[in-house]
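Asker: Quick one: structure below, then a few questions.
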Amino acid sequence: MKKILLASLAIVAVLLSSCSKKLEKGEFTVEKGKFSVGSEIGYPPFEYYDEDGTTPIGLDMDLAREVAKRLGLECTIIDTAWDGIFDGLKIDRYDAVMSAATITPERLENYDFTQSYIGNGQALIVRKDSTLDISSLEDVAGLQVGYQAETTSDFYIKKHAAELGFEYVACEYDKVLNAYDDLKFGRIDVVISDSLVAVSYLTAENSEFKQVWAGEPDEYFGICVKKGNTVLLEKLNAVLTDMKNDGSLSELYMKVFGMDLSDSINE
């Protein structure tokens, strides 16, 4: 009888523990009282570490903190490798991906996105002392082209190379900053990256780069959430709408880019 009683108490304890964990979970977030964000922190000017090497800064990081504040939640930023960043939503590692994530039809099949908060295009960047004659995408034929793997830059160059019939030497990197480093030291010929990312390299003090081509700004970044998390999605959209209307989103653009990019999201 004592053994049965002890076993019953053990089962009750497990059930209570399970219930308490469920109660701790937020209404629309993974953890009560917190808004957790997955971000690949190596993509300036959207997300990168400050000079202290530990503080995430950039447009997405500022936006994440402001969103959390307006939701009355504590912001937690989780540095995540890009190649698995979206899968982290499926296993509830974090509530949202905020990492210069382009809204694409393929991603919308598996995840939900908010309205866009900034528009973007692709750009080709070379060294300032480069003598390469590049004025169109096709001009990279035969050249060593660097880009971050599994990004829209990757998809863009491969798609258009197939459509336009030119070949190039693909140089894939896990982080875009590594591509720019290799370009700086002459290990590759050209980098293709988001035009808004290129801005930080082009405008840096003593920049060694120049832009030789830019595509149409036809990509839009949004906050990505787990498929079906409609409550969080609606709250995030409401915050973004408020930030657009009250001018605070424009203030973030000015802080990071030195210009108001509100027109970039007039889709």
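The chains in the structure tokens are called A, B, ... from first to last as shown; in each chain the residues are counted from 1, and the ligands are counted from 1 in the order shown.
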Pull the closest atom pair for each residue of segment 73-118 of chain A that gets at most 7 Å from segment 221-225 of chain A, along with the distance in Å to one decimal, counting only C-alpha atoms, ordering rows by chain and then ascending residue number, as CSV.
Answerer:
```
residue,atom,partner,partner_atom,distance
A:Leu89,CA,A:Val225,CA,6.7
A:Asp95,CA,A:Val225,CA,6.3
A:Ala96,CA,A:Val225,CA,4.6
A:Val97,CA,A:Cys224,CA,5.0
A:Met98,CA,A:Ile223,CA,5.4
A:Ala100,CA,A:Phe221,CA,5.7
A:Ala101,CA,A:Phe221,CA,5.2
A:Thr102,CA,A:Phe221,CA,4.4
A:Ile103,CA,A:Phe221,CA,5.9
A:Tyr111,CA,A:Val225,CA,6.2
A:Asp112,CA,A:Val225,CA,5.3
A:Phe113,CA,A:Cys224,CA,4.5
A:Thr114,CA,A:Ile223,CA,5.3
A:Gln115,CA,A:Gly222,CA,5.9
A:Ser116,CA,A:Gly222,CA,4.5
A:Tyr117,CA,A:Gly222,CA,5.9
A:Ile118,CA,A:Phe221,CA,5.6
```
Asker: Contacts of Asp242 of chain A at 12 Å or less, counting only C-alpha atoms, minus same-chain residues fewer than 4 places along, as a PyMOL selection string?
Answerer: chain A and resi 66-67+70-71+117+235-238+246-250
Asker: Dump N, CA and C atoms for the selected residues as a compact mmCIF listing (two decimals), in the first residue's frame?
Answerer:
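Output file part21.txt is given in full below:
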```txt
# COMPACT_ATOMS: atom_id res chain seq x y z
N GLU A 66 12.79 47.81 -28.89
CA GLU A 66 11.65 48.73 -28.86
C GLU A 66 10.33 47.96 -28.93
N VAL A 67 10.29 46.91 -29.75
CA VAL A 67 9.09 46.07 -29.85
C VAL A 67 8.79 45.44 -28.49
N ARG A 70 7.35 47.95 -26.05
CA ARG A 70 5.95 48.31 -26.30
C ARG A 70 5.00 47.16 -25.99
N LEU A 71 5.52 45.95 -25.97
CA LEU A 71 4.71 44.79 -25.59
C LEU A 71 4.74 44.56 -24.08
N TYR A 117 9.27 46.08 -42.53
CA TYR A 117 9.72 47.27 -41.83
C TYR A 117 10.85 47.98 -42.58
N LYS A 235 0.08 41.29 -32.66
CA LYS A 235 0.66 42.27 -31.75
C LYS A 235 1.88 42.93 -32.38
N LEU A 236 2.71 42.16 -33.07
CA LEU A 236 3.89 42.71 -33.71
C LEU A 236 3.50 43.67 -34.83
N ASN A 237 2.49 43.29 -35.62
CA ASN A 237 2.02 44.17 -36.69
C ASN A 237 1.48 45.48 -36.14
N ALA A 238 0.78 45.39 -35.01
CA ALA A 238 0.24 46.61 -34.39
C ALA A 238 1.37 47.53 -33.93
N ASP A 246 4.07 57.01 -35.68
CA ASP A 246 4.57 58.01 -34.72
C ASP A 246 5.99 58.49 -35.04
N GLY A 247 6.57 57.96 -36.13
CA GLY A 247 7.87 58.45 -36.56
C GLY A 247 9.08 57.77 -35.92
N SER A 248 8.83 56.86 -34.98
CA SER A 248 9.96 56.23 -34.29
C SER A 248 10.74 55.28 -35.19
N LEU A 249 10.08 54.69 -36.19
CA LEU A 249 10.79 53.83 -37.13
C LEU A 249 11.72 54.68 -38.01
N SER A 250 11.25 55.86 -38.40
CA SER A 250 12.09 56.78 -39.17
C SER A 250 13.31 57.20 -38.36
```
Asker: DSSP on the backbone: which residues in segment 55-207 of chain A end up as strand (DSSP E)? Give the answer as a ChimeraX atom specification.
Answerer: /A:56-57,74-79,96-97,111-113,118-120,122-127,144-148,169-173,190-194
Asker: Write the residues of the selection above to a file with C-alpha atoms, as a compact mmCIF listing (two decimals), in the first residue's frame.
Answerer:
```
# COMPACT_ATOMS: atom_id res chain seq x y z
CA PRO A 56 24.25 43.28 -29.95
CA ILE A 57 23.56 46.51 -31.86
CA GLU A 74 11.90 41.84 -21.52
CA CYS A 75 13.96 41.47 -24.71
CA THR A 76 16.30 38.48 -25.03
CA ILE A 77 18.53 38.21 -28.10
CA ILE A 78 19.94 34.80 -29.04
CA ASP A 79 22.89 34.67 -31.45
CA ALA A 96 10.79 35.47 -33.56
CA VAL A 97 13.57 35.77 -36.09
CA TYR A 111 6.51 30.51 -41.30
CA ASP A 112 4.51 33.69 -40.77
CA PHE A 113 5.85 37.19 -41.33
CA ILE A 118 12.32 48.09 -44.54
CA GLY A 119 12.93 47.53 -48.26
CA ASN A 120 16.12 46.24 -49.82
CA GLN A 122 21.04 43.54 -54.20
CA ALA A 123 24.34 45.27 -54.97
CA LEU A 124 27.74 44.38 -56.42
CA ILE A 125 30.74 45.71 -54.49
CA VAL A 126 34.41 45.79 -55.50
CA ARG A 127 37.59 47.31 -54.11
CA GLN A 144 35.13 35.09 -58.15
CA VAL A 145 31.89 36.23 -56.52
CA GLY A 146 31.56 36.18 -52.72
CA TYR A 147 28.25 36.01 -50.85
CA GLN A 148 26.71 34.61 -47.68
CA VAL A 169 33.18 31.22 -59.50
CA ALA A 170 30.98 30.87 -56.42
CA CYS A 171 32.67 31.79 -53.12
CA GLU A 172 30.25 31.02 -50.28
CA TYR A 173 30.69 32.29 -46.73
CA VAL A 190 33.43 41.04 -56.11
CA VAL A 191 30.82 40.68 -53.37
CA ILE A 192 27.09 40.54 -53.89
CA SER A 193 25.11 41.49 -50.80
CA ASP A 194 22.02 43.32 -49.63
```
Asker: Going by DSSP on the backbone, which bits of segment 187-216 of chain A are alpha helix (DSSP H)? Write them as number ranges by chain, please.
Answerer: A: 195-202
Asker: By how many Å are atom CA of Arg107 of chain A and atom CA of Asp83 of chain A apart?
Answerer: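 Taking atom CA of Arg107 of chain A and atom CA of Asp83 of chain A, their separation equals 13.4 Å.
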Asker: Which is closer to Val176 of chain A than all the others in A:Leu164, A:Ile85, A:Ala214, A:Val197, using only C-alpha atoms?
Answerer: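 Smallest separation from Val176 of chain A among the options: A:Val197.
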Asker: Determine the nearest neighbour of Ile91 of chain A from the options A:Asp181, A:Ala204, A:Lys227, A:Pro105, counting only C-alpha atoms.
Answerer: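 Smallest separation from Ile91 of chain A among the options: A:Lys227.
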Asker: So how far away is atom CA of Trp82 of chain A from atom CA of Gly228 of chain A, in Å?
Answerer: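 About the pair atom CA of Gly228 of chain A and atom CA of Trp82 of chain A: they are 22.2 Å apart.
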Asker: Find the residues near segment 27-33 of chain A: any atom within 7 Å, counting only C-alpha atoms, skip ones fewer than 3 places away on the same chain, and give them as a VMD selection string.
Answerer: chain A and resid 24 73 to 74 92 94 to 95 231 to 232
Asker: Separation of atom CA of Ile134 of chain A and atom CA of His160 of chain A, in Å?
Answerer: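 We find that atom CA of Ile134 of chain A and atom CA of His160 of chain A lie 15.7 Å from each other.
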Asker: Calculated over only C-alpha atoms, which of the candidates A:Ser39, A:Ser135, A:Thr152, A:Asn178 has the smallest distance to Tyr220 of chain A?
Answerer: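 Checking each of A:Ser39, A:Ser135, A:Thr152, A:Asn178 against Tyr220 of chain A, counting only C-alpha atoms, the winner is A:Thr152.
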Asker: Excluding same-chain residues fewer than 2 positions from Tyr49 of chain A, what lies within 12 Å of it counting only C-alpha atoms, as a list in words?
Answerer: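 My list of contacting residues is Ser39, Glu40, Ile41, Gly42, Tyr43, Pro44, Pro45, Phe46, Glu47, Glu51, Asp52, Gly53, Thr54, Thr55, Pro56, Ile57, Gly58, Leu59, Met61, Ile77 and Asp79 of chain A.
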Asker: Residues of the last selection are to be written out with C-alpha atoms, as an mmCIF file, in the first residue's frame.
Answerer:
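In the end it all went to result06.cif:
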```cif
data_model
loop_
_atom_site.group_PDB
_atom_site.id
_atom_site.type_symbol
_atom_site.label_atom_id
_atom_site.label_comp_id
_atom_site.auth_asym_id
_atom_site.auth_seq_id
_atom_site.Cartn_x
_atom_site.Cartn_y
_atom_site.Cartn_z
ATOM 1 C CA SER A 39 19.447 36.682 -34.839
ATOM 2 C CA GLU A 40 22.665 35.933 -36.709
ATOM 3 C CA ILE A 41 24.791 38.635 -35.123
ATOM 4 C CA GLY A 42 27.315 39.260 -37.849
ATOM 5 C CA TYR A 43 25.355 41.221 -40.427
ATOM 6 C CA PRO A 44 26.004 44.943 -40.043
ATOM 7 C CA PRO A 45 24.293 47.353 -39.959
ATOM 8 C CA PHE A 46 21.315 45.184 -38.968
ATOM 9 C CA GLU A 47 22.918 43.067 -36.257
ATOM 10 C CA GLU A 51 33.095 47.332 -29.491
ATOM 11 C CA ASP A 52 32.730 45.495 -26.171
ATOM 12 C CA GLY A 53 32.204 42.266 -28.138
ATOM 13 C CA THR A 54 29.093 41.312 -26.176
ATOM 14 C CA THR A 55 26.368 43.904 -26.818
ATOM 15 C CA PRO A 56 24.249 43.279 -29.954
ATOM 16 C CA ILE A 57 23.559 46.507 -31.858
ATOM 17 C CA GLY A 58 22.143 47.501 -35.237
ATOM 18 C CA LEU A 59 18.740 48.226 -36.729
ATOM 19 C CA MET A 61 18.546 44.883 -32.394
ATOM 20 C CA ILE A 77 18.533 38.206 -28.102
ATOM 21 C CA ASP A 79 22.888 34.668 -31.449
#
```
Asker: I'd like the neighbourhood of Ala141 of chain A as JSON, numbers by chain, where a residue qualifies if any of its atoms comes within 7 Å (using only C-alpha atoms), though same-chain residues fewer than 4 positions away should be ignored.
Answerer: {"A": [166, 167, 168]}
Asker: Emit the selected residues as a PDB file, in the first residue's frame, including all heavy atoms.
Answerer:
```pdb
ATOM      1  N   PHE A 166      25.216  33.134 -67.733  1.00  0.00           N
ATOM      2  CA  PHE A 166      26.632  33.397 -67.475  1.00  0.00           C
ATOM      3  C   PHE A 166      27.102  32.531 -66.309  1.00  0.00           C
ATOM      4  O   PHE A 166      26.314  32.074 -65.483  1.00  0.00           O
ATOM      5  CB  PHE A 166      26.881  34.882 -67.180  1.00  0.00           C
ATOM      6  CG  PHE A 166      26.220  35.396 -65.919  1.00  0.00           C
ATOM      7  CD1 PHE A 166      26.868  35.323 -64.697  1.00  0.00           C
ATOM      8  CD2 PHE A 166      24.955  35.982 -65.968  1.00  0.00           C
ATOM      9  CE1 PHE A 166      26.271  35.800 -63.545  1.00  0.00           C
ATOM     10  CE2 PHE A 166      24.355  36.468 -64.818  1.00  0.00           C
ATOM     11  CZ  PHE A 166      25.008  36.373 -63.600  1.00  0.00           C
ATOM     12  N   GLU A 167      28.415  32.284 -66.274  1.00  0.00           N
ATOM     13  CA  GLU A 167      29.003  31.466 -65.211  1.00  0.00           C
ATOM     14  C   GLU A 167      29.998  32.290 -64.410  1.00  0.00           C
ATOM     15  O   GLU A 167      30.647  33.189 -64.936  1.00  0.00           O
ATOM     16  CB  GLU A 167      29.696  30.242 -65.813  1.00  0.00           C
ATOM     17  CG  GLU A 167      28.736  29.261 -66.482  1.00  0.00           C
ATOM     18  CD  GLU A 167      29.437  28.028 -66.998  1.00  0.00           C
ATOM     19  OE1 GLU A 167      30.682  27.944 -66.835  1.00  0.00           O
ATOM     20  OE2 GLU A 167      28.759  27.156 -67.549  1.00  0.00           O
ATOM     21  N   TYR A 168      30.107  31.985 -63.138  1.00  0.00           N
ATOM     22  CA  TYR A 168      31.017  32.690 -62.252  1.00  0.00           C
ATOM     23  C   TYR A 168      31.572  31.694 -61.250  1.00  0.00           C
ATOM     24  O   TYR A 168      31.061  30.559 -61.134  1.00  0.00           O
ATOM     25  CB  TYR A 168      30.281  33.815 -61.513  1.00  0.00           C
ATOM     26  CG  TYR A 168      29.166  33.305 -60.632  1.00  0.00           C
ATOM     27  CD1 TYR A 168      29.368  33.073 -59.279  1.00  0.00           C
ATOM     28  CD2 TYR A 168      27.904  33.009 -61.167  1.00  0.00           C
ATOM     29  CE1 TYR A 168      28.353  32.577 -58.476  1.00  0.00           C
ATOM     30  CE2 TYR A 168      26.890  32.510 -60.374  1.00  0.00           C
ATOM     31  CZ  TYR A 168      27.117  32.297 -59.031  1.00  0.00           C
ATOM     32  OH  TYR A 168      26.112  31.789 -58.247  1.00  0.00           O
TER      33      TYR A 168
END
```
